[in-house]
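What follows is a set of notes on a single structure, which appears directly below.
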Amino acid sequence: MYVSLTWGWPLEDTENWQIEVIIVRENGRLVVDDVIYLKDKDLAAEYRLSEYLAAGCDGSHWVGDRDQRNDQKPQQK
C-alpha cells in the first residue's frame with residue numbers, strides 16, 4: 001500500500017514522505033511487516049524502516065553503533 005505522510009504545523013512549512021507499507025497476513029489478521037521510504041527529491045535512496053531499526057544489532061542482540069565501534073582506538077595492555 002502506498003501512503004503519503006505529512007508533518008508540520010499549520011501556516012508553516014510541512015515535510016512530506018512517500019512510503020510503501022508492506023502488509024502481511026498473520027494469525028488471520030493484516031499486520032505491517034515493513035515500511036519502505038521511497039526515493040524522492042529529499043531522499044537520495046530508498047530505505048526500509050526495518051534496516052534502520054536493526055542498525056547496531058546482530059540478530060536479536062544489541063552490539064552498538066558500527067561507526068562508533070570502528071572509530072574506537074585499540075586498548076593498550
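Labels used: A, B, ... for chains in the order of the C-alpha cells, numbers from 1 for residues in each chain, and numbers from 1 for ligands as shown.
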Neighbours of A:Val32 within 9 Å (only C-alpha atoms; same-chain residues fewer than 3 positions away dropped), as a list in words?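 Neighbouring residues, sequence-local ones excluded: Val21, Ile22, Ile23, Val24, Arg25 and Val35 of chain A.
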Contacts of stretch 44-50 of chain A within 8 Å, only C-alpha atoms, excl. fewer than 6 positions in-chain, as a ChimeraX atom specification: /A:34-38
What are the DSSP strand (DSSP E) residues of chain A, as a PyMOL selection string? chain A and resi 2-7+15-26+29-37+47-48+57-58+61-62
Next, write the just-selected residues to a file, as a CSV table (one decimal), in the first residue's frame, keeping N, CA and C atoms as the atom set.
chain,number,residue,atom,x,y,z
A,2,TYR,N,0.6,2.2,-0.8
A,2,TYR,CA,1.4,3.4,-0.9
A,2,TYR,C,0.7,4.5,0.0
A,3,VAL,N,1.5,5.3,0.7
A,3,VAL,CA,0.9,6.2,1.7
A,3,VAL,C,1.8,7.5,1.6
A,4,SER,N,1.1,8.6,1.8
A,4,SER,CA,1.8,9.9,1.9
A,4,SER,C,1.7,10.4,3.3
A,5,LEU,N,2.9,10.7,3.9
A,5,LEU,CA,2.9,11.2,5.3
A,5,LEU,C,3.2,12.7,5.3
A,6,THR,N,2.6,13.5,6.1
A,6,THR,CA,2.8,14.9,6.2
A,6,THR,C,3.0,15.3,7.6
A,7,TRP,N,4.0,16.1,7.9
A,7,TRP,CA,4.3,16.6,9.2
A,7,TRP,C,4.5,18.1,9.2
A,15,GLU,N,6.7,18.9,5.9
A,15,GLU,CA,7.5,17.9,5.3
A,15,GLU,C,6.6,16.7,4.9
A,16,ASN,N,6.9,16.1,3.7
A,16,ASN,CA,6.2,15.0,3.2
A,16,ASN,C,7.1,13.9,2.9
A,17,TRP,N,6.6,12.7,3.2
A,17,TRP,CA,7.3,11.4,2.8
A,17,TRP,C,6.4,10.5,2.1
A,18,GLN,N,6.9,9.9,1.0
A,18,GLN,CA,6.1,8.9,0.3
A,18,GLN,C,6.7,7.6,0.8
A,19,ILE,N,5.8,6.7,1.3
A,19,ILE,CA,6.2,5.4,1.8
A,19,ILE,C,5.4,4.3,1.1
A,20,GLU,N,5.9,3.1,1.2
A,20,GLU,CA,5.2,1.9,0.8
A,20,GLU,C,5.1,1.1,2.1
A,21,VAL,N,3.9,0.7,2.4
A,21,VAL,CA,3.7,-0.2,3.6
A,21,VAL,C,3.5,-1.6,3.2
A,22,ILE,N,4.4,-2.5,3.7
A,22,ILE,CA,4.3,-3.9,3.3
A,22,ILE,C,3.4,-4.6,4.4
A,23,ILE,N,2.3,-5.1,3.9
A,23,ILE,CA,1.3,-5.7,4.8
A,23,ILE,C,1.2,-7.2,4.6
A,24,VAL,N,1.2,-8.0,5.7
A,24,VAL,CA,1.1,-9.5,5.5
A,24,VAL,C,0.0,-10.0,6.4
A,25,ARG,N,-0.5,-11.2,6.1
A,25,ARG,CA,-1.5,-11.8,7.0
A,25,ARG,C,-0.8,-12.6,8.1
A,26,GLU,N,-1.1,-12.4,9.3
A,26,GLU,CA,-0.5,-13.1,10.4
A,26,GLU,C,-1.6,-13.5,11.4
A,29,ARG,N,-4.9,-12.0,10.7
A,29,ARG,CA,-5.1,-10.5,10.7
A,29,ARG,C,-4.0,-9.9,9.8
A,30,LEU,N,-4.3,-8.7,9.3
A,30,LEU,CA,-3.3,-8.0,8.5
A,30,LEU,C,-2.5,-7.2,9.4
A,31,VAL,N,-1.1,-7.3,9.3
A,31,VAL,CA,-0.2,-6.5,10.1
A,31,VAL,C,0.8,-5.9,9.2
A,32,VAL,N,1.4,-4.8,9.7
A,32,VAL,CA,2.5,-4.1,9.0
A,32,VAL,C,3.8,-4.9,9.2
A,33,ASP,N,4.4,-5.4,8.1
A,33,ASP,CA,5.7,-6.1,8.1
A,33,ASP,C,6.9,-5.2,8.0
A,34,ASP,N,6.7,-4.2,7.2
A,34,ASP,CA,7.9,-3.2,7.0
A,34,ASP,C,7.3,-2.0,6.3
A,35,VAL,N,8.1,-0.9,6.4
A,35,VAL,CA,7.8,0.3,5.7
A,35,VAL,C,9.0,0.7,4.9
A,36,ILE,N,8.8,1.1,3.6
A,36,ILE,CA,9.9,1.5,2.8
A,36,ILE,C,9.7,3.0,2.5
A,37,TYR,N,10.7,3.8,2.8
A,37,TYR,CA,10.7,5.2,2.5
A,37,TYR,C,11.2,5.3,1.1
A,47,TYR,N,15.0,3.3,1.6
A,47,TYR,CA,15.5,2.5,2.7
A,47,TYR,C,14.3,2.0,3.4
A,48,ARG,N,14.5,0.9,4.1
A,48,ARG,CA,13.5,0.2,4.9
A,48,ARG,C,13.6,0.6,6.3
A,57,CYS,N,22.5,-3.9,15.6
A,57,CYS,CA,22.0,-5.2,16.2
A,57,CYS,C,22.7,-6.3,15.4
A,58,ASP,N,23.0,-7.4,16.1
A,58,ASP,CA,23.4,-8.7,15.5
A,58,ASP,C,22.3,-9.7,15.8
A,61,HIS,N,20.4,-9.3,19.2
A,61,HIS,CA,21.3,-8.7,20.2
A,61,HIS,C,21.9,-7.4,19.8
A,62,TRP,N,21.8,-6.4,20.7
A,62,TRP,CA,22.4,-5.1,20.5
A,62,TRP,C,23.9,-5.2,20.6
